[in-house]
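Dropping upload32.pdb in here (PDB, C-alpha atoms):
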ATOM      1  CA  MET A   1     114.695  90.464  93.213
ATOM      2  CA  ASN A   2     114.413  90.221  96.992
ATOM      3  CA  SER A   3     115.540  86.780  98.119
ATOM      4  CA  LEU A   4     112.370  86.194 100.164
ATOM      5  CA  LEU A   5     110.399  86.132  96.912
ATOM      6  CA  SER A   6     112.219  82.910  96.048
ATOM      7  CA  ASP A   7     110.241  81.227  98.804
ATOM      8  CA  PRO A   8     106.970  80.166  97.109
ATOM      9  CA  TRP A   9     104.951  80.363 100.335
ATOM     10  CA  ILE A  10     106.074  83.929 101.058
ATOM     11  CA  ALA A  11     105.676  84.936  97.399
ATOM     12  CA  ALA A  12     102.088  83.626  97.464
ATOM     13  CA  ARG A  13     101.239  85.705 100.572
ATOM     14  CA  ILE A  14     102.702  88.793  98.922
ATOM     15  CA  ASP A  15     100.852  88.104  95.672
ATOM     16  CA  GLU A  16      97.575  87.881  97.614
ATOM     17  CA  ALA A  17      98.264  91.283  99.172
ATOM     18  CA  VAL A  18      98.949  93.029  95.858
ATOM     19  CA  ALA A  19      96.224  91.170  93.914
ATOM     20  CA  PRO A  20      93.642  93.982  94.321
ATOM     21  CA  TYR A  21      96.013  96.392  92.574
ATOM     22  CA  VAL A  22      96.804  94.213  89.562
ATOM     23  CA  GLY A  23      95.188  95.914  86.592
ATOM     24  CA  VAL A  24      94.552  99.011  88.725
ATOM     25  CA  LEU A  25      98.120 100.279  88.970
ATOM     26  CA  PRO A  26     100.639  99.904  86.129
ATOM     27  CA  ALA A  27     102.355  96.481  86.124
ATOM     28  CA  GLU A  28     105.710  98.120  86.853
ATOM     29  CA  GLU A  29     104.340  99.672  90.035
ATOM     30  CA  VAL A  30     102.692  96.425  91.160
ATOM     31  CA  ALA A  31     106.033  94.633  90.643
ATOM     32  CA  TRP A  32     107.714  97.377  92.680
ATOM     33  CA  MET A  33     105.102  96.920  95.440
ATOM     34  CA  ARG A  34     105.881  93.172  95.589
ATOM     35  CA  GLU A  35     109.549  93.982  96.070
ATOM     36  CA  GLN A  36     108.759  96.497  98.818
ATOM     37  CA  LEU A  37     106.566  94.039 100.723
ATOM     38  CA  ALA A  38     109.355  91.447 100.600
ATOM     39  CA  GLU A  39     111.816  94.097 101.754
ATOM     40  CA  THR A  40     109.556  94.976 104.682
ATOM     41  CA  LEU A  41     109.411  91.317 105.724
ATOM     42  CA  ALA A  42     113.197  91.118 105.483
ATOM     43  CA  THR A  43     114.113  94.328 107.279
ATOM     44  CA  ASP A  44     111.308  95.273 109.682
ATOM     45  CA  GLU A  45     111.755  93.499 113.023
ATOM     46  CA  HIS A  46     108.023  93.363 113.794
ATOM     47  CA  ALA A  47     107.109  92.051 110.329
ATOM     48  CA  ALA A  48     109.917  89.479 110.444
ATOM     49  CA  ARG A  49     108.661  88.206 113.815
ATOM     50  CA  ILE A  50     105.159  87.731 112.426
ATOM     51  CA  LEU A  51     106.536  85.984 109.356
ATOM     52  CA  ARG A  52     108.543  83.630 111.572
ATOM     53  CA  GLY A  53     105.371  82.678 113.475
ATOM     54  CA  ALA A  54     103.287  82.282 110.330
ATOM     55  CA  HIS A  55     105.636  80.406 108.039
ATOM     56  CA  PRO A  56     104.816  76.681 107.622
ATOM     57  CA  ARG A  57     107.185  74.353 109.406
ATOM     58  CA  GLU A  58     107.024  71.700 106.738
ATOM     59  CA  VAL A  59     107.794  71.666 103.064
ATOM     60  CA  ASP A  60     104.905  71.068 100.639
ATOM     61  CA  GLN A  61     104.483  67.537  99.339
ATOM     62  CA  SER A  62     105.250  68.942  95.913
ATOM     63  CA  GLY A  63     108.775  69.670  97.121
ATOM     64  CA  GLU A  64     108.692  72.983  95.322
ATOM     65  CA  VAL A  65     110.246  74.816  98.273
ATOM     66  CA  GLY A  66     113.688  73.834  97.179
ATOM     67  CA  CYS A  67     115.213  77.063  95.977
ATOM     68  CA  ASP A  68     117.727  78.920  98.090
ATOM     69  CA  PRO A  69     116.287  82.232  99.290
ATOM     70  CA  GLY A  70     119.822  83.398  99.849
ATOM     71  CA  GLU A  71     120.891  86.007 102.317
ATOM     72  CA  VAL A  72     118.250  88.094 104.025
ATOM     73  CA  ASP A  73     118.751  91.143 106.181
ATOM     74  CA  ASP A  74     116.823  90.027 109.212
ATOM     75  CA  PRO A  75     117.626  86.818 111.115
ATOM     76  CA  ALA A  76     113.939  86.271 111.903
ATOM     77  CA  ALA A  77     112.975  86.422 108.240
ATOM     78  CA  ALA A  78     115.901  84.187 107.322
ATOM     79  CA  ASP A  79     114.806  81.688 109.932
ATOM     80  CA  ALA A  80     111.231  81.660 108.621
ATOM     81  CA  SER A  81     112.451  81.115 105.101
ATOM     82  CA  LYS A  82     114.853  78.330 106.122
ATOM     83  CA  ARG A  83     112.148  76.516 108.089
ATOM     84  CA  GLY A  84     110.116  76.289 104.916
ATOM     85  CA  ARG A  85     112.975  74.481 103.280
ATOM     86  CA  ALA A  86     113.967  72.297 106.198
ATOM     87  CA  GLY A  87     110.674  70.375 106.645
TER
ATOM     88  CA  MET B   1     125.371 105.482 134.709
ATOM     89  CA  GLY B   2     126.272 109.064 135.530
ATOM     90  CA  GLU B   3     126.667 112.280 133.583
ATOM     91  CA  ARG B   4     130.415 111.600 133.467
ATOM     92  CA  ASP B   5     129.845 108.622 131.142
ATOM     93  CA  LYS B   6     127.637 110.584 128.771
ATOM     94  CA  PRO B   7     130.288 111.897 126.340
ATOM     95  CA  ARG B   8     131.832 108.423 126.070
ATOM     96  CA  GLU B   9     128.428 106.810 125.447
ATOM     97  CA  GLU B  10     127.562 109.407 122.832
ATOM     98  CA  ALA B  11     130.876 108.879 121.070
ATOM     99  CA  GLU B  12     130.180 105.123 120.974
ATOM    100  CA  ARG B  13     126.703 105.751 119.573
ATOM    101  CA  ILE B  14     128.081 108.059 116.905
ATOM    102  CA  ARG B  15     130.482 105.276 115.879
ATOM    103  CA  GLU B  16     127.650 102.743 115.818
ATOM    104  CA  GLY B  17     125.382 105.187 113.987
ATOM    105  CA  THR B  18     128.054 105.946 111.400
ATOM    106  CA  ASP B  19     128.243 102.230 110.586
ATOM    107  CA  LEU B  20     124.450 102.084 110.335
ATOM    108  CA  ILE B  21     124.248 104.977 107.853
ATOM    109  CA  GLY B  22     125.704 102.817 105.082
ATOM    110  CA  LEU B  23     123.378  99.911 105.869
ATOM    111  CA  VAL B  24     120.222 102.033 105.957
ATOM    112  CA  ALA B  25     121.208 104.038 102.863
ATOM    113  CA  THR B  26     121.966 100.891 100.879
ATOM    114  CA  ARG B  27     118.628  99.302 101.792
ATOM    115  CA  LEU B  28     116.743 102.464 100.898
ATOM    116  CA  ALA B  29     118.630 102.945  97.635
ATOM    117  CA  ARG B  30     117.740  99.361  96.704
ATOM    118  CA  ARG B  31     114.070 100.109  97.359
ATOM    119  CA  LEU B  32     114.047 103.274  95.277
ATOM    120  CA  GLY B  33     116.149 101.954  92.421
ATOM    121  CA  ARG B  34     117.691 104.397  90.005
ATOM    122  CA  HIS B  35     115.668 107.301  91.377
ATOM    123  CA  VAL B  36     118.085 108.239  94.179
ATOM    124  CA  HIS B  37     121.844 108.297  94.693
ATOM    125  CA  LEU B  38     123.410 106.336  97.515
ATOM    126  CA  ASP B  39     125.754 109.203  98.378
ATOM    127  CA  ASP B  40     122.825 111.618  98.763
ATOM    128  CA  LEU B  41     121.156 109.234 101.201
ATOM    129  CA  LYS B  42     124.369 108.825 103.195
ATOM    130  CA  ALA B  43     124.791 112.594 103.370
ATOM    131  CA  LEU B  44     121.257 112.936 104.755
ATOM    132  CA  GLY B  45     122.041 110.231 107.307
ATOM    133  CA  ARG B  46     125.222 111.981 108.427
ATOM    134  CA  GLU B  47     123.314 115.253 108.821
ATOM    135  CA  ALA B  48     120.774 113.565 111.081
ATOM    136  CA  LEU B  49     123.098 111.398 113.174
ATOM    137  CA  LEU B  50     124.065 113.843 115.908
ATOM    138  CA  SER B  51     120.468 114.734 116.634
ATOM    139  CA  ILE B  52     119.588 111.005 116.682
ATOM    140  CA  VAL B  53     122.316 110.349 119.254
ATOM    141  CA  LYS B  54     121.214 113.322 121.381
ATOM    142  CA  THR B  55     117.525 112.350 121.393
ATOM    143  CA  TYR B  56     118.082 108.643 122.121
ATOM    144  CA  ASP B  57     116.548 107.467 125.383
ATOM    145  CA  PRO B  58     118.103 104.143 126.534
ATOM    146  CA  SER B  59     115.003 103.268 128.561
ATOM    147  CA  ARG B  60     113.005 102.892 125.344
ATOM    148  CA  GLY B  61     114.979 100.138 123.664
ATOM    149  CA  LYS B  62     118.182  99.415 121.785
ATOM    150  CA  PHE B  63     120.090 102.246 120.123
ATOM    151  CA  ARG B  64     120.486 100.217 116.925
ATOM    152  CA  THR B  65     116.708  99.832 116.460
ATOM    153  CA  TYR B  66     116.089 103.508 117.263
ATOM    154  CA  ALA B  67     118.879 104.723 115.007
ATOM    155  CA  ILE B  68     117.837 102.592 112.028
ATOM    156  CA  LEU B  69     114.277 103.919 112.260
ATOM    157  CA  LYS B  70     115.351 107.541 112.662
ATOM    158  CA  LEU B  71     117.966 107.357 109.914
ATOM    159  CA  ARG B  72     115.373 105.909 107.526
ATOM    160  CA  TRP B  73     112.966 108.741 108.346
ATOM    161  CA  ALA B  74     115.663 111.376 107.952
ATOM    162  CA  MET B  75     116.670 110.009 104.551
ATOM    163  CA  LEU B  76     113.083 109.656 103.326
ATOM    164  CA  ASP B  77     112.187 113.152 104.512
ATOM    165  CA  GLY B  78     115.284 114.622 102.922
ATOM    166  CA  ILE B  79     114.866 113.023  99.518
ATOM    167  CA  ARG B  80     111.152 113.775  99.546
ATOM    168  CA  ARG B  81     111.967 117.471  99.811
ATOM    169  CA  GLU B  82     114.556 117.320  97.052
ATOM    170  CA  THR B  83     112.916 114.999  94.525
ATOM    171  CA  HIS B  84     110.850 116.395  91.685
ATOM    172  CA  GLY B  85     110.229 113.608  89.153
ATOM    173  CA  ARG B  86     106.739 112.146  89.414
ATOM    174  CA  THR B  87     107.701 108.476  89.607
ATOM    175  CA  ALA B  88     110.446 109.091  92.146
ATOM    176  CA  ALA B  89     108.255 111.378  94.274
ATOM    177  CA  ALA B  90     105.385 108.876  94.178
ATOM    178  CA  ARG B  91     107.637 105.992  95.242
ATOM    179  CA  ILE B  92     109.153 107.977  98.064
ATOM    180  CA  GLN B  93     105.682 108.974  99.224
ATOM    181  CA  ALA B  94     104.630 105.313  99.034
ATOM    182  CA  LEU B  95     107.573 104.228 101.187
ATOM    183  CA  VAL B  96     106.826 106.977 103.706
ATOM    184  CA  ALA B  97     103.219 105.743 103.941
ATOM    185  CA  SER B  98     104.375 102.146 104.348
ATOM    186  CA  GLU B  99     106.957 103.076 107.006
ATOM    187  CA  ARG B 100     104.373 105.019 108.957
ATOM    188  CA  PHE B 101     101.875 102.175 108.735
ATOM    189  CA  GLY B 102     104.563  99.771 109.988
ATOM    190  CA  ALA B 103     105.485 102.105 112.833
ATOM    191  CA  ALA B 104     101.918 102.001 114.163
ATOM    192  CA  LEU B 105     101.894  98.189 114.049
ATOM    193  CA  SER B 106     105.219  97.799 115.802
ATOM    194  CA  ALA B 107     104.451 100.357 118.529
ATOM    195  CA  VAL B 108     103.662  97.510 120.965
ATOM    196  CA  PRO B 109     106.926  96.259 122.536
ATOM    197  CA  SER B 110     107.642  92.661 121.508
ATOM    198  CA  ASP B 111     107.730  91.550 125.169
ATOM    199  CA  ASN B 112     104.051  92.476 125.493
ATOM    200  CA  GLU B 113     102.902  90.649 122.389
ATOM    201  CA  PRO B 114     100.841  87.538 123.045
ATOM    202  CA  VAL B 115     102.129  84.256 121.646
ATOM    203  CA  LEU B 116      99.742  83.244 118.875
ATOM    204  CA  SER B 117      98.896  79.997 117.125
ATOM    205  CA  GLU B 118     100.275  79.497 113.613
ATOM    206  CA  ASP B 119      96.849  80.494 112.242
ATOM    207  CA  GLY B 120      96.918  83.596 114.430
ATOM    208  CA  TYR B 121     100.290  84.599 113.009
ATOM    209  CA  ARG B 122      99.043  83.940 109.469
ATOM    210  CA  GLU B 123      96.085  86.231 110.021
ATOM    211  CA  ARG B 124      98.463  88.879 111.391
ATOM    212  CA  LEU B 125     100.698  88.440 108.372
ATOM    213  CA  ARG B 126      97.730  88.815 106.008
ATOM    214  CA  VAL B 127      96.602  92.026 107.737
ATOM    215  CA  LEU B 128     100.167  93.368 107.808
ATOM    216  CA  LEU B 129     100.807  92.706 104.110
ATOM    217  CA  GLU B 130      97.403  94.047 103.047
ATOM    218  CA  GLY B 131      97.990  97.185 105.101
ATOM    219  CA  HIS B 132     101.460  97.793 103.700
ATOM    220  CA  ALA B 133     100.132  97.176 100.174
ATOM    221  CA  ALA B 134      97.352  99.716 100.775
ATOM    222  CA  ALA B 135      99.863 102.217 102.174
ATOM    223  CA  LEU B 136     102.102 101.804  99.143
ATOM    224  CA  ALA B 137      99.134 102.170  96.785
ATOM    225  CA  VAL B 138      97.837 105.278  98.560
ATOM    226  CA  GLY B 139     101.311 106.809  98.501
ATOM    227  CA  LEU B 140     101.778 106.014  94.815
ATOM    228  CA  ILE B 141      98.416 107.480  93.879
ATOM    229  CA  ALA B 142      98.406 110.486  96.191
ATOM    230  CA  SER B 143     101.949 111.748  95.804
ATOM    231  CA  VAL B 144     102.576 115.349  96.847
ATOM    232  CA  GLY B 145     100.193 118.003  95.579
ATOM    233  CA  ASP B 146      98.892 117.248  92.122
ATOM    234  CA  MET B 147     101.971 115.375  90.956
ATOM    235  CA  ALA B 148      99.943 112.191  90.555
ATOM    236  CA  LEU B 149      98.089 114.000  87.794
ATOM    237  CA  VAL B 150     101.239 114.996  85.945
ATOM    238  CA  PRO B 151     102.135 112.285  83.445
ATOM    239  CA  ASP B 152     105.639 110.925  83.002
ATOM    240  CA  ALA B 153     106.940 110.981  79.449
ATOM    241  CA  ALA B 154     106.608 107.189  79.421
ATOM    242  CA  ASP B 155     102.890 107.238  80.270
ATOM    243  CA  GLY B 156     100.475 106.324  77.506
ATOM    244  CA  PRO B 157      97.040 107.979  77.262
ATOM    245  CA  GLU B 158      95.354 105.012  78.981
ATOM    246  CA  GLU B 159      97.805 105.060  81.842
ATOM    247  CA  SER B 160      97.355 108.789  82.328
ATOM    248  CA  ALA B 161      93.572 108.444  82.327
ATOM    249  CA  SER B 162      93.735 105.545  84.780
ATOM    250  CA  ARG B 163      96.036 107.506  87.076
ATOM    251  CA  ARG B 164      93.719 110.511  87.018
ATOM    252  CA  GLN B 165      90.725 108.303  87.783
ATOM    253  CA  LEU B 166      92.522 106.648  90.694
ATOM    254  CA  ALA B 167      93.548 110.018  92.089
ATOM    255  CA  THR B 168      89.945 111.222  91.880
ATOM    256  CA  VAL B 169      88.680 108.109  93.685
ATOM    257  CA  LEU B 170      91.303 108.533  96.376
ATOM    258  CA  HIS B 171      90.501 112.224  96.924
ATOM    259  CA  ARG B 172      86.798 111.382  97.303
ATOM    260  CA  ALA B 173      87.530 108.525  99.701
ATOM    261  CA  VAL B 174      89.714 110.794 101.829
ATOM    262  CA  ARG B 175      86.880 113.322 102.094
ATOM    263  CA  ASP B 176      84.678 110.567 103.579
ATOM    264  CA  LEU B 177      87.153 109.685 106.350
ATOM    265  CA  PRO B 178      86.489 110.691 109.990
ATOM    266  CA  GLU B 179      87.616 114.284 110.565
ATOM    267  CA  ARG B 180      91.035 113.775 112.129
ATOM    268  CA  GLU B 181      91.984 110.954 109.760
ATOM    269  CA  ARG B 182      90.939 113.147 106.832
ATOM    270  CA  ALA B 183      93.007 116.062 108.126
ATOM    271  CA  LEU B 184      96.095 113.850 108.566
ATOM    272  CA  ILE B 185      95.883 112.333 105.092
ATOM    273  CA  GLU B 186      94.920 115.508 103.210
ATOM    274  CA  ARG B 187      97.494 117.740 104.836
ATOM    275  CA  HIS B 188     100.321 115.205 104.775
ATOM    276  CA  TYR B 189      99.861 113.574 101.362
ATOM    277  CA  PHE B 190      98.115 116.240  99.320
ATOM    278  CA  GLU B 191      99.559 119.382 100.866
ATOM    279  CA  GLY B 192     102.985 118.042 101.885
ATOM    280  CA  GLU B 193     102.852 119.141 105.543
ATOM    281  CA  GLN B 194     105.059 117.414 108.113
ATOM    282  CA  PHE B 195     103.186 114.618 109.868
ATOM    283  CA  ASP B 196     104.395 115.591 113.355
ATOM    284  CA  ALA B 197     103.326 119.194 112.833
ATOM    285  CA  ILE B 198      99.821 118.087 111.828
ATOM    286  CA  ALA B 199      99.589 115.873 114.917
ATOM    287  CA  ARG B 200     100.618 118.819 117.137
ATOM    288  CA  ASP B 201      98.099 121.054 115.417
ATOM    289  CA  LEU B 202      95.350 118.481 115.973
ATOM    290  CA  GLY B 203      96.351 118.205 119.626
ATOM    291  CA  ILE B 204      97.163 114.493 119.488
ATOM    292  CA  SER B 205     100.326 112.527 120.234
ATOM    293  CA  LYS B 206     102.558 111.193 117.455
ATOM    294  CA  SER B 207     101.696 107.609 118.364
ATOM    295  CA  TRP B 208      97.971 108.338 118.302
ATOM    296  CA  ALA B 209      98.370 110.101 114.966
ATOM    297  CA  SER B 210     100.201 107.016 113.646
ATOM    298  CA  ARG B 211      97.321 104.797 114.734
ATOM    299  CA  LEU B 212      94.790 107.105 113.044
ATOM    300  CA  HIS B 213      96.969 107.087 109.946
ATOM    301  CA  ALA B 214      97.020 103.268 109.930
ATOM    302  CA  GLN B 215      93.227 103.141 110.256
ATOM    303  CA  ALA B 216      92.844 105.633 107.428
ATOM    304  CA  ILE B 217      95.201 103.652 105.197
ATOM    305  CA  GLU B 218      93.245 100.440 105.797
ATOM    306  CA  THR B 219      89.972 102.220 104.960
ATOM    307  CA  LEU B 220      91.404 103.821 101.823
ATOM    308  CA  GLY B 221      92.870 100.509 100.674
ATOM    309  CA  LYS B 222      89.445  98.896 100.952
ATOM    310  CA  VAL B 223      87.788 101.770  99.061
ATOM    311  CA  LEU B 224      90.329 101.593  96.226
ATOM    312  CA  CYS B 225      89.936  97.828  95.893
ATOM    313  CA  THR B 226      86.131  97.950  96.111
ATOM    314  CA  PHE B 227      85.906 100.732  93.553
ATOM    315  CA  TRP B 228      88.017  98.884  91.068
ATOM    316  CA  SER B 229      86.368  95.480  91.530
ATOM    317  CA  SER B 230      82.924  97.075  91.060
ATOM    318  CA  SER B 231      83.930  99.118  88.021
ATOM    319  CA  GLY B 232      86.213  96.551  86.388
TER
END

As structure tokens - that is how I would like this structure written.
Amino acid sequence: MNSLLSDPWIAARIDEAVAPYVGVLPAEEVAWMREQLAETLATDEHAARILRGAHPREVDQSGEVGCDPGEVDDPAAADASKRGRAG
Amino acid sequence: MGERDKPREEAERIREGTDLIGLVATRLARRLGRHVHLDDLKALGREALLSIVKTYDPSRGKFRTYAILKLRWAMLDGIRRETHGRTAAARIQALVASERFGAALSAVPSDNEPVLSEDGYRERLRVLLEGHAAALAVGLIASVGDMALVPDAADGPEESASRRQLATVLHRAVRDLPERERALIERHYFEGEQFDAIARDLGISKSWASRLHAQAIETLGKVLCTFWSSSG
């Protein structure tokens, strides 16, 4: 699994994007699409920049943003993911 | 820098590009899973590297960014030509669609991008993810030729019927696109023509063709979603 999907905020944005295709495309292909969207956020410079600007600067009150997203390919995406944890 | 420095600069870029081949091939292999071999991707990258070095224009940005993009295209194009299984071909086509959609979005140099509010960036992120999702879906459904209609051994009857229905909806939606968008999508995704060749034939630049492609993908994504929500 792409490490960005461990970030609940990013995973929720990706889930919203693939939601229209759930039940339309086979589950295996929807799961593959989720992975590809995360990969785009991790490796595409433009997408990573947008993610960095969009990612919340504070952790949810629930404290659920505690998991380590691990290594990502793009520093901008890594930064966005870390900010979610740093709060 | 003069002509005298050119061979030295090119040699440096070939070294840098050679290092990048492994990175790009590994990322792409991860995206395509068991459907492609890492060594095949690397071989395609090596084939393309010299031409990438020769066509690089330093005034248009960093070599690394240019080389990564070009290597990815070379590998995707190469495996698309050589791949025959339906699932693999559909996934490659989906990645090509997503890459092309992303290329249109990132055509504006980052220095010229306005600084947005957090909400502004979130809206951008929503549009970006929805667009890439639509591109992936269109690529998966369209595939090359009629491959989307050819079932994999693993497909059940319901899955095959659903796939056929989706392909029919997509073909109809493409027919309703504005003329140049329709030509780009039909010829590239259904007939397997090279995107750049279609753009030349239509008398438009590659960047303009990419923008038309992005518009078409957004429209098709909406049609697919609307169709399914109204029939589901």

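Put simply, the PyMOL selection byres ((chain B and resi 203-210) around 8) in this file takes in B:Arg100, B:Phe101, B:Ala103, B:Ala104, B:Ala107, B:Leu184, B:Asp196, B:Ala199, B:Arg200, B:Asp201, B:Leu202, B:Arg211, B:Leu212, B:His213, B:Ala214.
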
| field | Atomic separation - atom CA of Leu170 of chain B relative to atom CA of Phe227 of chain B, Å | value | 9.9 Å

| request: Show me which bits of chain B are within 6 Å of chain A, counting all atoms listed in the file, as a PyMOL selection string. | output: chain B and resi 106+118+121-122+129-130+225

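Put simply, atom CA of Ile217 of chain B is 22.4 Å away from atom CA of Met75 of chain B.
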
| task | Compile the contact shell of Asp77 of chain B as a list in words: residues with an atom at most 12 Å away, counting all atoms listed in the file, same-chain residues fewer than 5 positions apart removed. | result | Leu41, Leu44, Gly45, Ala48, Lys70, Leu71, Arg72, Glu82, Thr83, Ala89, Ile92, Gln93, Leu95, Val96, Ala97, Glu99, Gly192, Glu193, Gln194 and Phe195 of chain B

| Expected selection from the PyMOL selection byres ((chain B and resi 39) around 12), given as a PyMOL selection string | chain B and resi 21-22+24-26+28-29+36-38+40-46+75+79

Will you model N, CA and C atoms for segment 39-59 of chain B and pass it back as a CSV table (one decimal), in the frame of the given file?
chain,number,residue,atom,x,y,z
B,39,ASP,N,125.0,108.2,97.7
B,39,ASP,CA,125.8,109.2,98.4
B,39,ASP,C,124.8,110.3,99.0
B,40,ASP,N,123.8,110.6,98.2
B,40,ASP,CA,122.8,111.6,98.8
B,40,ASP,C,122.2,111.1,100.0
B,41,LEU,N,121.8,109.8,100.0
B,41,LEU,CA,121.2,109.2,101.2
B,41,LEU,C,122.1,109.2,102.4
B,42,LYS,N,123.4,108.9,102.1
B,42,LYS,CA,124.4,108.8,103.2
B,42,LYS,C,124.6,110.2,103.8
B,43,ALA,N,124.6,111.2,102.9
B,43,ALA,CA,124.8,112.6,103.4
B,43,ALA,C,123.6,113.0,104.3
B,44,LEU,N,122.4,112.6,103.9
B,44,LEU,CA,121.3,112.9,104.8
B,44,LEU,C,121.4,112.2,106.1
B,45,GLY,N,121.9,111.0,106.1
B,45,GLY,CA,122.0,110.2,107.3
B,45,GLY,C,123.1,110.9,108.2
B,46,ARG,N,124.2,111.3,107.6
B,46,ARG,CA,125.2,112.0,108.4
B,46,ARG,C,124.7,113.3,109.1
B,47,GLU,N,123.9,114.0,108.3
B,47,GLU,CA,123.3,115.3,108.8
B,47,GLU,C,122.5,115.0,110.1
B,48,ALA,N,121.7,113.8,110.0
B,48,ALA,CA,120.8,113.6,111.1
B,48,ALA,C,121.4,112.9,112.3
B,49,LEU,N,122.6,112.3,112.1
B,49,LEU,CA,123.1,111.4,113.2
B,49,LEU,C,123.3,112.0,114.6
B,50,LEU,N,123.8,113.2,114.6
B,50,LEU,CA,124.1,113.8,115.9
B,50,LEU,C,122.8,114.0,116.7
B,51,SER,N,121.8,114.5,116.0
B,51,SER,CA,120.5,114.7,116.6
B,51,SER,C,119.9,113.4,117.1
B,52,ILE,N,120.1,112.3,116.3
B,52,ILE,CA,119.6,111.0,116.7
B,52,ILE,C,120.3,110.5,118.0
B,53,VAL,N,121.6,110.7,118.1
B,53,VAL,CA,122.3,110.3,119.3
B,53,VAL,C,121.8,111.2,120.5
B,54,LYS,N,121.6,112.4,120.3
B,54,LYS,CA,121.2,113.3,121.4
B,54,LYS,C,119.8,113.0,121.9
B,55,THR,N,118.9,112.6,121.0
B,55,THR,CA,117.5,112.4,121.4
B,55,THR,C,117.3,110.9,121.8
B,56,TYR,N,118.3,110.1,121.7
B,56,TYR,CA,118.1,108.6,122.1
B,56,TYR,C,117.9,108.5,123.6
B,57,ASP,N,116.8,107.7,124.0
B,57,ASP,CA,116.5,107.5,125.4
B,57,ASP,C,116.7,106.0,125.6
B,58,PRO,N,117.8,105.6,126.4
B,58,PRO,CA,118.1,104.1,126.5
B,58,PRO,C,117.0,103.3,127.2
B,59,SER,N,116.1,104.0,127.9
B,59,SER,CA,115.0,103.3,128.6
B,59,SER,C,114.0,102.8,127.6
